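Chemist: Data: run20.cif, mmCIF, C-alpha atoms.
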```
data_upload
loop_
_atom_site.label_atom_id
_atom_site.label_comp_id
_atom_site.auth_asym_id
_atom_site.auth_seq_id
_atom_site.Cartn_x
_atom_site.Cartn_y
_atom_site.Cartn_z
CA MET A 279 173.66 -137.65 -73.94
CA ASN A 280 174.42 -141.26 -73.19
CA ASP A 281 173.70 -144.41 -75.07
CA GLN A 282 172.55 -146.49 -72.15
CA THR A 283 170.00 -148.54 -74.05
CA ASP A 284 167.51 -149.23 -71.29
CA THR A 285 166.84 -145.98 -69.48
CA SER A 286 164.54 -147.65 -66.95
CA ALA A 287 167.35 -149.93 -65.76
CA PRO A 288 168.99 -148.84 -62.53
CA PRO A 289 172.33 -147.08 -62.96
CA ILE A 290 175.46 -149.24 -62.91
CA ARG A 291 177.37 -148.67 -59.67
CA VAL A 292 181.13 -148.32 -60.01
CA LEU A 293 183.73 -148.05 -57.27
CA ILE A 294 186.80 -146.09 -58.35
CA ALA A 295 189.68 -146.72 -56.01
CA LYS A 296 193.38 -145.92 -55.75
CA PRO A 297 195.22 -148.81 -54.14
CA GLY A 298 198.64 -148.22 -52.64
CA LEU A 299 200.77 -145.22 -52.08
CA ASP A 300 200.84 -143.13 -55.23
CA GLY A 301 199.34 -139.73 -54.65
CA HIS A 302 198.12 -138.91 -58.12
CA ASP A 303 194.41 -139.11 -58.53
CA ARG A 304 193.70 -136.63 -61.31
CA GLY A 305 193.09 -139.48 -63.71
CA ALA A 306 190.79 -141.27 -61.28
CA LYS A 307 188.81 -138.08 -60.73
CA VAL A 308 188.53 -137.32 -64.44
CA LEU A 309 187.29 -140.86 -65.02
CA ALA A 310 184.81 -140.60 -62.13
CA ARG A 311 183.45 -137.38 -63.58
CA GLY A 312 183.31 -138.83 -67.08
CA LEU A 313 181.45 -141.93 -65.92
CA ARG A 314 179.01 -139.71 -64.04
CA ASP A 315 178.28 -137.97 -67.34
CA GLU A 316 177.75 -141.39 -68.90
CA GLY A 317 175.04 -142.14 -66.36
CA PHE A 318 176.97 -144.28 -63.89
CA GLU A 319 176.79 -143.94 -60.12
CA VAL A 320 180.42 -143.59 -59.13
CA ILE A 321 181.67 -144.13 -55.61
CA TYR A 322 185.06 -142.55 -55.17
CA THR A 323 187.07 -143.54 -52.12
CA GLY A 324 190.09 -141.28 -52.35
CA LEU A 325 193.80 -141.95 -52.21
CA ARG A 326 196.01 -144.55 -50.54
CA GLN A 327 193.63 -147.42 -50.01
CA THR A 328 194.64 -150.87 -48.91
CA PRO A 329 193.18 -153.82 -50.81
CA GLU A 330 191.18 -154.64 -47.65
CA MET A 331 189.62 -151.16 -47.57
CA ILE A 332 188.69 -151.43 -51.23
CA ALA A 333 187.11 -154.86 -50.82
CA ASP A 334 185.21 -153.70 -47.74
CA ALA A 335 183.89 -150.67 -49.59
CA ALA A 336 182.91 -152.74 -52.64
CA GLU A 337 181.05 -155.14 -50.38
CA GLN A 338 179.06 -152.48 -48.52
CA GLU A 339 178.30 -150.49 -51.65
CA ASP A 340 177.33 -153.64 -53.59
CA VAL A 341 178.93 -152.24 -56.73
CA ASP A 342 178.78 -153.85 -60.16
CA VAL A 343 182.27 -152.72 -61.16
CA VAL A 344 185.51 -151.96 -59.32
CA GLY A 345 187.92 -149.73 -61.23
CA LEU A 346 191.45 -149.62 -59.84
CA SER A 347 193.71 -146.74 -60.79
CA ILE A 348 197.38 -147.32 -60.16
CA LEU A 349 200.49 -145.43 -61.24
CA SER A 350 202.98 -146.56 -58.63
CA GLY A 351 204.28 -149.74 -60.25
CA ALA A 352 203.00 -151.91 -57.42
CA HIS A 353 200.20 -153.30 -59.53
CA MET A 354 201.48 -156.89 -59.55
CA THR A 355 201.24 -156.99 -55.77
CA LEU A 356 198.12 -154.94 -55.12
CA LEU A 357 195.71 -155.72 -57.95
CA PRO A 358 195.58 -159.53 -57.62
CA ARG A 359 195.15 -159.06 -53.88
CA VAL A 360 192.07 -156.83 -54.42
CA VAL A 361 190.57 -159.45 -56.75
CA LYS A 362 191.26 -162.21 -54.25
CA LEU A 363 189.64 -160.34 -51.35
CA ILE A 364 186.62 -159.40 -53.45
CA ARG A 365 186.08 -163.01 -54.52
CA GLU A 366 186.61 -164.22 -50.93
CA ARG A 367 183.77 -161.98 -49.85
CA GLY A 368 181.44 -163.73 -52.25
CA MET A 369 181.37 -161.06 -54.94
CA ASP A 370 181.86 -163.51 -57.77
CA ASP A 371 180.19 -161.43 -60.44
CA VAL A 372 181.81 -158.06 -59.77
CA LEU A 373 183.84 -156.83 -62.71
CA VAL A 374 187.33 -155.70 -61.65
CA ALA A 375 189.25 -153.56 -64.14
CA ALA A 376 192.44 -151.53 -63.89
CA GLY A 377 193.85 -148.38 -65.38
CA GLY A 378 197.14 -146.52 -65.16
CA ILE A 379 200.74 -147.14 -66.07
CA ILE A 380 201.00 -150.88 -66.53
CA PRO A 381 203.61 -152.48 -68.83
CA ASP A 382 202.24 -154.73 -71.58
CA ALA A 383 204.21 -157.66 -70.19
CA ASP A 384 202.19 -157.53 -66.97
CA ILE A 385 198.76 -157.31 -68.56
CA GLU A 386 198.39 -161.00 -69.32
CA LYS A 387 199.48 -161.92 -65.81
CA LEU A 388 196.95 -159.51 -64.33
CA LYS A 389 194.22 -160.95 -66.49
CA ALA A 390 195.17 -164.42 -65.34
CA ALA A 391 194.80 -163.11 -61.79
CA GLY A 392 191.26 -161.98 -62.48
CA ILE A 393 191.61 -158.40 -63.69
CA ALA A 394 189.06 -158.27 -66.51
CA GLU A 395 190.68 -155.50 -68.53
CA VAL A 396 193.56 -153.03 -68.33
CA PHE A 397 193.14 -149.51 -69.71
CA GLY A 398 196.37 -147.71 -70.49
CA PRO A 399 197.13 -144.06 -71.23
CA GLY A 400 195.14 -142.69 -74.13
CA THR A 401 192.01 -144.74 -73.46
CA SER A 402 188.91 -142.59 -73.87
CA ILE A 403 186.26 -142.41 -71.20
CA GLY A 404 183.73 -143.50 -73.81
CA GLN A 405 185.69 -146.74 -74.37
CA ILE A 406 185.74 -147.47 -70.66
CA ALA A 407 182.04 -146.65 -70.24
CA ARG A 408 181.17 -148.94 -73.14
CA TYR A 409 183.27 -151.74 -71.73
CA PHE A 410 181.64 -151.42 -68.30
CA ARG A 411 178.17 -151.32 -69.83
CA GLU A 412 178.80 -154.41 -71.93
CA ASN A 413 180.52 -156.44 -69.25
CA ALA A 414 179.07 -155.46 -65.89
CA ARG A 415 176.53 -157.86 -64.51
CA ARG A 416 173.03 -156.67 -65.16
CA ARG A 417 170.62 -156.83 -62.35
CA ARG A 418 166.86 -156.87 -62.30
CA MET B 138 160.79 -164.00 -45.34
CA ALA B 139 161.25 -163.06 -41.72
CA ALA B 140 164.04 -165.61 -41.63
CA ALA B 141 165.75 -163.74 -44.45
CA PHE B 142 165.73 -160.56 -42.40
CA GLY B 143 166.85 -162.44 -39.30
CA GLU B 144 170.13 -163.19 -41.04
CA LEU B 145 170.75 -159.45 -41.45
CA ALA B 146 171.67 -159.20 -37.80
CA GLY B 147 174.14 -162.06 -38.12
CA GLY B 148 176.99 -159.73 -38.96
CA ASP B 149 177.45 -160.90 -42.56
CA ARG B 150 177.47 -157.72 -44.62
CA ARG B 151 176.70 -159.19 -47.99
CA PRO B 152 172.95 -159.93 -47.47
CA LEU B 153 172.45 -156.41 -46.14
CA ALA B 154 174.34 -154.89 -49.08
CA ARG B 155 172.24 -156.86 -51.56
CA LEU B 156 169.01 -155.94 -49.78
CA LEU B 157 169.95 -152.25 -49.94
CA THR B 158 170.45 -152.57 -53.70
CA ARG B 159 167.02 -154.15 -54.11
CA ILE B 160 165.56 -151.32 -52.04
CA GLU B 161 167.33 -148.64 -54.08
CA ASN B 162 166.26 -150.20 -57.36
CA GLY B 163 162.64 -150.50 -56.25
CA ASP B 164 162.65 -154.26 -56.78
CA PRO B 165 158.91 -155.11 -57.02
CA SER B 166 159.40 -158.47 -55.29
CA LEU B 167 160.34 -156.52 -52.17
CA ARG B 168 156.87 -155.12 -51.68
CA ASP B 169 155.50 -158.20 -49.95
CA GLU B 170 158.52 -158.34 -47.67
CA LEU B 171 158.31 -154.78 -46.39
CA PRO B 172 156.02 -155.51 -43.41
CA ALA B 173 158.47 -158.19 -42.25
CA LEU B 174 161.39 -155.83 -42.78
CA PHE B 175 159.84 -153.12 -40.63
CA ALA B 176 158.78 -155.71 -38.05
CA ALA B 177 162.39 -156.86 -37.84
CA GLY B 178 163.41 -153.35 -36.78
CA ARG B 179 164.95 -153.02 -33.36
CA GLY B 180 164.15 -149.37 -32.76
CA ALA B 181 167.37 -147.73 -33.88
CA HIS B 182 167.71 -144.02 -33.30
CA VAL B 183 167.45 -142.40 -36.75
CA VAL B 184 169.65 -139.34 -36.86
CA GLY B 185 169.65 -136.92 -39.80
CA VAL B 186 172.72 -134.84 -40.55
CA THR B 187 172.22 -131.96 -42.93
CA GLY B 188 173.80 -128.64 -43.83
CA PRO B 189 175.32 -126.70 -46.70
CA PRO B 190 177.84 -128.29 -49.10
CA GLY B 191 181.34 -128.15 -47.65
CA SER B 192 180.24 -127.59 -44.06
CA GLY B 193 181.94 -130.83 -43.06
CA LYS B 194 178.97 -133.16 -42.78
CA SER B 195 180.84 -136.28 -43.87
CA THR B 196 183.86 -135.56 -41.69
CA LEU B 197 181.57 -134.90 -38.75
CA VAL B 198 179.60 -138.10 -39.41
CA SER B 199 182.90 -139.99 -39.42
CA ALA B 200 183.92 -138.37 -36.12
CA LEU B 201 180.51 -139.10 -34.58
CA THR B 202 180.82 -142.70 -35.75
CA GLY B 203 184.21 -142.99 -34.04
CA GLU B 204 182.76 -141.64 -30.79
CA TRP B 205 179.74 -143.96 -30.88
CA ARG B 206 182.04 -146.91 -31.59
CA ARG B 207 184.08 -146.01 -28.49
CA ARG B 208 180.80 -146.21 -26.59
CA GLY B 209 180.14 -149.70 -27.93
CA ARG B 210 177.43 -148.80 -30.45
CA ARG B 211 177.14 -150.29 -33.94
CA VAL B 212 176.69 -147.49 -36.44
CA GLY B 213 174.81 -147.56 -39.75
CA ILE B 214 175.35 -144.72 -42.21
CA LEU B 215 173.42 -143.75 -45.33
CA ALA B 216 175.09 -140.92 -47.21
CA VAL B 217 173.10 -139.31 -50.01
CA ASP B 218 174.67 -137.35 -52.85
CA PRO B 219 172.84 -135.79 -55.80
CA SER B 220 172.12 -137.53 -59.10
CA SER B 221 172.62 -135.61 -62.31
CA PRO B 222 169.30 -134.35 -63.63
CA TYR B 223 170.67 -134.86 -67.17
CA THR B 224 172.30 -138.29 -67.17
CA GLY B 225 171.13 -139.87 -63.92
CA GLY B 226 174.79 -140.37 -63.05
CA ALA B 227 176.29 -139.38 -59.72
CA ILE B 228 179.54 -138.98 -57.87
CA LEU B 229 179.20 -140.45 -54.41
CA GLY B 230 182.13 -139.05 -52.51
CA ASP B 231 181.16 -139.23 -48.87
CA ARG B 232 183.20 -142.37 -48.37
CA ILE B 233 186.45 -140.43 -48.80
CA ARG B 234 185.98 -138.97 -45.31
CA MET B 235 184.87 -142.24 -43.77
CA MET B 236 187.44 -144.78 -44.95
CA GLU B 237 188.89 -145.15 -41.46
CA HIS B 238 185.75 -147.13 -40.60
CA ALA B 239 185.75 -149.23 -43.78
CA ALA B 240 187.21 -152.32 -42.16
CA ASP B 241 185.19 -152.03 -38.94
CA ARG B 242 182.58 -154.79 -38.99
CA ASP B 243 180.41 -152.78 -36.63
CA VAL B 244 180.08 -149.86 -39.03
CA PHE B 245 178.07 -150.19 -42.22
CA MET B 246 178.24 -147.29 -44.63
CA ARG B 247 176.29 -147.05 -47.84
CA SER B 248 176.34 -144.25 -50.42
CA MET B 249 173.05 -143.47 -52.11
CA ALA B 250 172.34 -141.29 -55.12
CA SER B 251 169.27 -139.10 -54.76
CA ARG B 252 167.93 -140.48 -58.08
CA GLY B 253 165.80 -137.54 -59.01
CA GLU B 254 164.36 -136.71 -55.62
CA LEU B 255 164.46 -133.20 -54.24
CA GLY B 256 164.78 -132.43 -50.56
CA GLY B 257 168.21 -133.94 -50.09
CA LEU B 258 167.20 -137.60 -49.84
CA ALA B 259 166.37 -140.51 -52.11
CA ALA B 260 162.82 -141.85 -52.10
CA THR B 261 164.08 -145.14 -50.73
CA THR B 262 166.25 -143.74 -47.94
CA TRP B 263 163.67 -144.58 -45.29
CA VAL B 264 163.36 -148.18 -46.30
CA ALA B 265 167.16 -148.40 -46.37
CA ALA B 266 167.24 -147.02 -42.82
CA ALA B 267 164.78 -149.73 -41.77
CA ALA B 268 167.12 -152.34 -43.25
CA LEU B 269 170.06 -151.01 -41.22
CA ASP B 270 167.82 -151.02 -38.15
CA ALA B 271 166.89 -154.66 -38.78
CA ALA B 272 170.60 -155.43 -39.12
CA ASP B 273 171.05 -154.19 -35.55
CA PHE B 274 172.78 -150.89 -36.26
CA ASP B 275 171.91 -148.14 -33.81
CA PRO B 276 172.15 -145.25 -34.43
CA VAL B 277 171.37 -145.05 -38.12
CA ILE B 278 172.81 -141.81 -39.47
CA ILE B 279 171.38 -140.29 -42.64
CA GLU B 280 173.59 -137.69 -44.25
CA THR B 281 171.67 -135.59 -46.77
CA VAL B 282 173.02 -133.97 -49.90
CA GLY B 283 174.46 -130.54 -49.29
CA ALA B 284 171.36 -128.59 -48.40
CA GLY B 285 170.55 -124.94 -48.67
CA GLN B 286 167.94 -123.13 -46.68
CA SER B 287 164.77 -125.04 -47.32
CA GLU B 288 165.57 -128.75 -47.67
CA VAL B 289 163.68 -129.64 -44.53
CA GLU B 290 162.54 -133.10 -45.64
CA ILE B 291 165.08 -134.80 -43.39
CA ALA B 292 163.61 -133.15 -40.28
CA ARG B 293 160.15 -134.41 -41.13
CA LEU B 294 161.36 -137.97 -41.19
CA ALA B 295 164.42 -138.37 -38.93
CA GLU B 296 164.01 -138.58 -35.18
CA THR B 297 166.83 -136.19 -34.47
CA THR B 298 168.08 -133.67 -37.03
CA VAL B 299 171.55 -132.21 -36.67
CA LEU B 300 172.23 -129.13 -38.75
CA VAL B 301 175.90 -128.56 -39.53
CA GLU B 302 176.81 -124.93 -40.05
CA VAL B 303 180.15 -123.18 -40.46
CA PRO B 304 181.39 -119.99 -38.77
CA GLU B 305 181.07 -118.04 -42.03
CA MET B 306 177.37 -118.74 -42.31
CA GLY B 307 176.46 -115.08 -42.46
CA ASP B 308 174.98 -112.42 -40.26
CA GLU B 309 172.22 -112.57 -37.69
CA VAL B 310 169.52 -112.21 -40.28
CA GLN B 311 170.54 -115.58 -41.73
CA ALA B 312 169.85 -117.06 -38.31
CA ILE B 313 166.27 -115.83 -38.18
CA LYS B 314 165.32 -116.86 -41.70
CA ALA B 315 162.74 -119.57 -41.98
CA GLY B 316 163.74 -123.05 -43.04
CA LEU B 317 166.46 -125.45 -42.00
CA LEU B 318 167.51 -123.49 -38.93
CA GLU B 319 163.98 -123.70 -37.63
CA VAL B 320 163.70 -127.43 -37.91
CA ALA B 321 167.05 -128.50 -36.48
CA ASP B 322 166.95 -130.32 -33.17
CA ILE B 323 170.65 -129.69 -32.64
CA ILE B 324 172.97 -127.27 -34.40
CA ALA B 325 176.68 -127.97 -34.75
CA VAL B 326 178.85 -125.01 -35.70
CA ASN B 327 181.60 -127.05 -37.30
CA LYS B 328 185.13 -125.97 -38.24
CA GLY B 329 185.29 -124.61 -34.73
CA ASP B 330 189.01 -123.93 -35.09
CA ARG B 331 188.26 -121.14 -37.53
CA PRO B 332 188.00 -117.58 -36.30
CA GLY B 333 184.51 -116.52 -35.35
CA ALA B 334 183.15 -119.96 -34.49
CA ASP B 335 182.24 -119.07 -30.91
CA ARG B 336 180.78 -115.78 -32.03
CA ALA B 337 178.65 -117.52 -34.68
CA ALA B 338 177.41 -119.97 -32.04
CA ARG B 339 176.59 -117.09 -29.67
CA GLN B 340 174.69 -115.22 -32.38
CA LEU B 341 172.71 -118.32 -33.30
CA ARG B 342 171.91 -118.97 -29.66
CA ALA B 343 170.73 -115.41 -29.15
CA MET B 344 168.57 -115.33 -32.24
CA LEU B 345 167.06 -118.77 -31.81
CA SER B 346 166.32 -118.42 -28.11
CA THR B 347 164.12 -115.39 -28.68
CA ALA B 348 162.25 -117.18 -31.44
CA GLY B 349 159.98 -120.11 -30.90
CA SER B 350 157.45 -118.50 -28.59
CA ARG B 351 154.67 -119.62 -30.88
CA LEU B 352 156.16 -123.00 -31.57
CA GLU B 353 156.18 -125.79 -29.07
CA ARG B 354 159.88 -126.25 -29.47
CA LYS B 355 162.68 -125.62 -27.14
CA PRO B 356 165.54 -123.70 -28.74
CA PRO B 357 168.01 -126.28 -30.09
CA PRO B 358 171.33 -126.86 -28.34
CA ILE B 359 174.10 -125.18 -30.30
CA LEU B 360 177.50 -126.80 -30.08
CA VAL B 361 180.86 -125.90 -31.55
CA THR B 362 182.67 -128.86 -33.13
CA THR B 363 185.90 -129.41 -35.01
CA ALA B 364 185.33 -132.67 -36.82
CA THR B 365 188.94 -132.93 -38.01
CA THR B 366 190.34 -132.91 -34.45
CA GLY B 367 187.37 -134.40 -32.65
CA ALA B 368 186.87 -131.34 -30.44
CA GLY B 369 183.27 -131.07 -29.27
CA VAL B 370 182.29 -134.38 -30.86
CA ALA B 371 181.68 -136.22 -27.57
CA ALA B 372 179.39 -133.41 -26.44
CA LEU B 373 177.51 -133.62 -29.73
CA VAL B 374 177.03 -137.37 -29.27
CA ASP B 375 175.73 -136.68 -25.74
CA ALA B 376 173.26 -134.13 -27.12
CA ILE B 377 172.04 -136.48 -29.86
CA ASP B 378 171.62 -139.38 -27.42
CA ALA B 379 169.81 -137.09 -24.98
CA HIS B 380 167.38 -136.05 -27.71
CA ARG B 381 166.30 -139.62 -28.38
CA SER B 382 163.61 -139.79 -25.70
CA GLU B 383 162.33 -136.32 -26.61
CA ALA B 384 162.02 -137.43 -30.23
CA ARG B 385 159.94 -140.42 -29.18
CA ARG B 386 157.18 -138.46 -27.52
CA PRO B 387 153.95 -139.93 -28.96
CA GLU B 388 152.86 -136.74 -30.71
CA LEU B 389 156.20 -136.40 -32.48
CA ALA B 390 156.22 -140.07 -33.43
CA ARG B 391 152.75 -139.62 -34.89
CA GLU B 392 153.86 -136.57 -36.88
CA ARG B 393 156.80 -138.48 -38.33
CA ALA B 394 154.59 -141.42 -39.21
CA ALA B 395 152.19 -139.06 -40.99
CA ASN B 396 155.09 -137.62 -42.95
CA GLN B 397 156.37 -141.05 -43.89
CA VAL B 398 152.93 -142.07 -45.11
CA ARG B 399 152.56 -138.79 -46.99
CA ARG B 400 155.86 -139.38 -48.71
CA ALA B 401 155.03 -142.97 -49.56
CA LEU B 402 151.70 -141.86 -50.99
CA ALA B 403 153.43 -139.25 -53.11
CA THR B 404 155.82 -141.87 -54.47
CA LEU B 405 153.00 -144.27 -55.28
CA ALA B 406 150.92 -141.55 -56.87
CA THR B 407 153.85 -140.36 -58.97
CA ARG B 408 154.41 -143.84 -60.32
CA ARG B 409 150.73 -144.38 -61.10
CA ALA B 410 150.31 -140.96 -62.69
CA GLU B 411 153.19 -141.87 -64.99
CA ASP B 412 152.06 -145.25 -66.20
CA ASP B 413 148.93 -146.73 -64.60
CA PRO B 414 146.39 -147.49 -67.36
CA ALA B 415 143.55 -147.09 -64.85
CA TRP B 416 144.60 -143.52 -64.21
CA GLU B 417 145.29 -142.73 -67.84
CA PRO B 418 141.78 -141.45 -68.80
CA THR B 419 141.82 -138.95 -65.92
CA VAL B 420 145.37 -137.82 -66.73
CA ALA B 421 144.36 -137.49 -70.38
CA SER B 422 141.39 -135.31 -69.53
CA VAL B 423 143.73 -132.98 -67.62
CA ALA B 424 145.97 -132.86 -70.70
CA ALA B 425 142.89 -132.01 -72.80
CA ARG B 426 142.06 -129.24 -70.33
CA GLU B 427 138.71 -130.80 -69.53
CA LEU B 428 139.66 -131.26 -65.90
CA ASP B 429 141.83 -129.39 -63.45
CA PRO B 430 144.70 -131.30 -61.77
CA LEU B 431 143.33 -130.87 -58.24
CA THR B 432 139.90 -132.32 -59.05
CA ALA B 433 141.63 -135.09 -60.99
CA ALA B 434 143.78 -135.94 -57.97
CA GLN B 435 140.76 -136.00 -55.68
CA ARG B 436 138.94 -138.36 -58.02
CA LEU B 437 141.94 -140.63 -58.35
CA ILE B 438 142.31 -141.14 -54.61
CA GLY B 439 138.55 -141.61 -54.33
CA GLU B 440 137.55 -138.41 -52.57
#
```
Reformat the file's structure so that it appears as structure tokens.

Modeler:
Amino acid sequence: MNDQTDTSAPPIRVLIAKPGLDGHDRGAKVLARGLRDEGFEVIYTGLRQTPEMIADAAEQEDVDVVGLSILSGAHMTLLPRVVKLIRERGMDDVLVAAGGIIPDADIEKLKAAGIAEVFGPGTSIGQIARYFRENARRRR
Amino acid sequence: MAAAFGELAGGDRRPLARLLTRIENGDPSLRDELPALFAAGRGAHVVGVTGPPGSGKSTLVSALTGEWRRRGRRVGILAVDPSSPYTGGAILGDRIRMMEHAADRDVFMRSMASRGELGGLAATTWVAAAALDAADFDPVIIETVGAGQSEVEIARLAETTVLVEVPEMGDEVQAIKAGLLEVADIIAVNKGDRPGADRAARQLRAMLSTAGSRLERKPPPILVTTATTGAGVAALVDAIDAHRSEARRPELARERAANQVRRALATLATRRAEDDPAWEPTVASVAARELDPLTAAQRLIGE
């Protein structure tokens, strides 16, 4: 059912968050559900989160991955701020990725700001799961 | 290692978060540190919150947290959601109702997947509660997975168990069925703004006050709450706080300790039955039908 190679390893913990004011979380929910089926433990925080709330949640939940879903166009403001706050809290090895409607021209800038990968429309859940599995820190 | 646990109370959330991960993952290096972890406990009131899916447990826990914060308490929360029996994955969604406390340094909330355990909890929930206790959170609230009628594990282990019901819980016969309703220390009829809430509370009160003649239990207080508006929440906090000394009567403390040991034994035994080479010959003889499982178990624990 999933190709997680080491079944005795603890599940990867992923925080799926919606920063900012857009009210569309169907995509985030579909992804959360899909990652669940891929064997991830997915913490979903709901809509309209500030970067501070997301960083605080990531810190308490000690997640391996933070996935940010954003459709509002405010990604250049919000996403680098989430990365900054997460790093400030000492979470140096947490993978931060983004998904949503993000113009190609912004992707390089986001990556320079610490967003590991950007998944646009049409990305399959399998692709995202594989990316998380290959790039999330692995713990004991 | 005691020094390591001393830093938990320093207010930095990161060491606590990392410790909880090690606990959840059953990090073997933790075993030697457990006595120090429990010794670092400050005696937090461990409060279980259980009830059917959708009864408003998370929203009520959030409201309770707000009320305790107003009273100057630091609140630790462990919220358990089920793991998939097929993939081991989980959706942990209790945070959605609790984000208002996310930035409050005096609230620590952690989502836990049940990771294959039945009974509405994860096997490591109790150790996680001890970690929150050592980090100076009091109360420590444990929210179970949405529970049906018989997931009474929480009541065996928490000091105070709050059962969250909704007005549409059913007729009077539901109230006299065995199980969760029997073991609750306090019952909250939540969604109190819905029609029938007071009637449901009255029915529960009537049915539960006539029961219990054989049990050494007082009928539980039954309160009507509306978690979304905060109505009745202060009274519920009063009732939970008032139950603390009752819960610490020596005979009840002993019963809880016995249950905790029983559960720890079961976890250990499960692990050894799965892969301990020393146990393998006995397990194999059960597989070969040369030995029955009960006799095998007695032999393995040296009886």

Chemist: Taking the file as shown, find all residues satisfying the PyMOL selection byres ((chain A and resi 345) around 9) and write them as a VMD selection string.

Modeler: chain A and resid 292 to 296 306 343 to 344 346 to 347 373 to 377

Chemist: Using only C-alpha atoms, which chain A residues lie at most 10 Å away from chain B, written as an MDAnalysis selection string?

Modeler: chainID A and resid 279:280 282 285 287:293 307 310:325 327 330:341 367:369 417:418

Chemist: Taking the file above as input, evaluate the PyMOL selection byres ((chain B and resi 193-197) around 7) and report the hits as an NGL selection string.

Modeler: :B and (186-188 or 191-192 or 198-201 or 231 or 234 or 301 or 327 or 364-365)

Chemist: Find the residues near range 168-185 of chain B: any atom within 8 Å, counting only C-alpha atoms, skip ones fewer than 6 places away on the same chain, and give them as a ChimeraX atom specification.

Modeler: /B:138-139,142-143,266-268,270-281,291-292,295-299,377,381

Chemist: Between CA of Ser422 in chain B and CA of Ala434 in chain B, measure the distance and give it in Å to one decimal.

Modeler: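 For CA of Ser422 in chain B relative to CA of Ala434 in chain B, the distance reads 11.8 Å.
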
Chemist: Since I can't run it myself right now, could you work out what the PyMOL selection byres ((chain B and resi 303) around 10) selects here and report it as a PyMOL selection string?

Modeler: chain B and resi 188-189+191-193+301-302+304-307+325-329+331+333-334+337-338+361-362

Chemist: For the atom pair CA of Thr261 in chain B and CA of Ala403 in chain B, what is the interatomic distance in Å to one decimal place?

Modeler: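 So the two atoms, CA of Thr261 in chain B and CA of Ala403 in chain B, lie 12.4 Å apart.
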
Chemist: If you measure from CA of Pro297 in chain A to CA of Arg415 in chain A, what distance in Å do you get, rounded to one decimal?

Modeler: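 According to the coordinates, CA of Pro297 in chain A and CA of Arg415 in chain A are separated by 23.2 Å.
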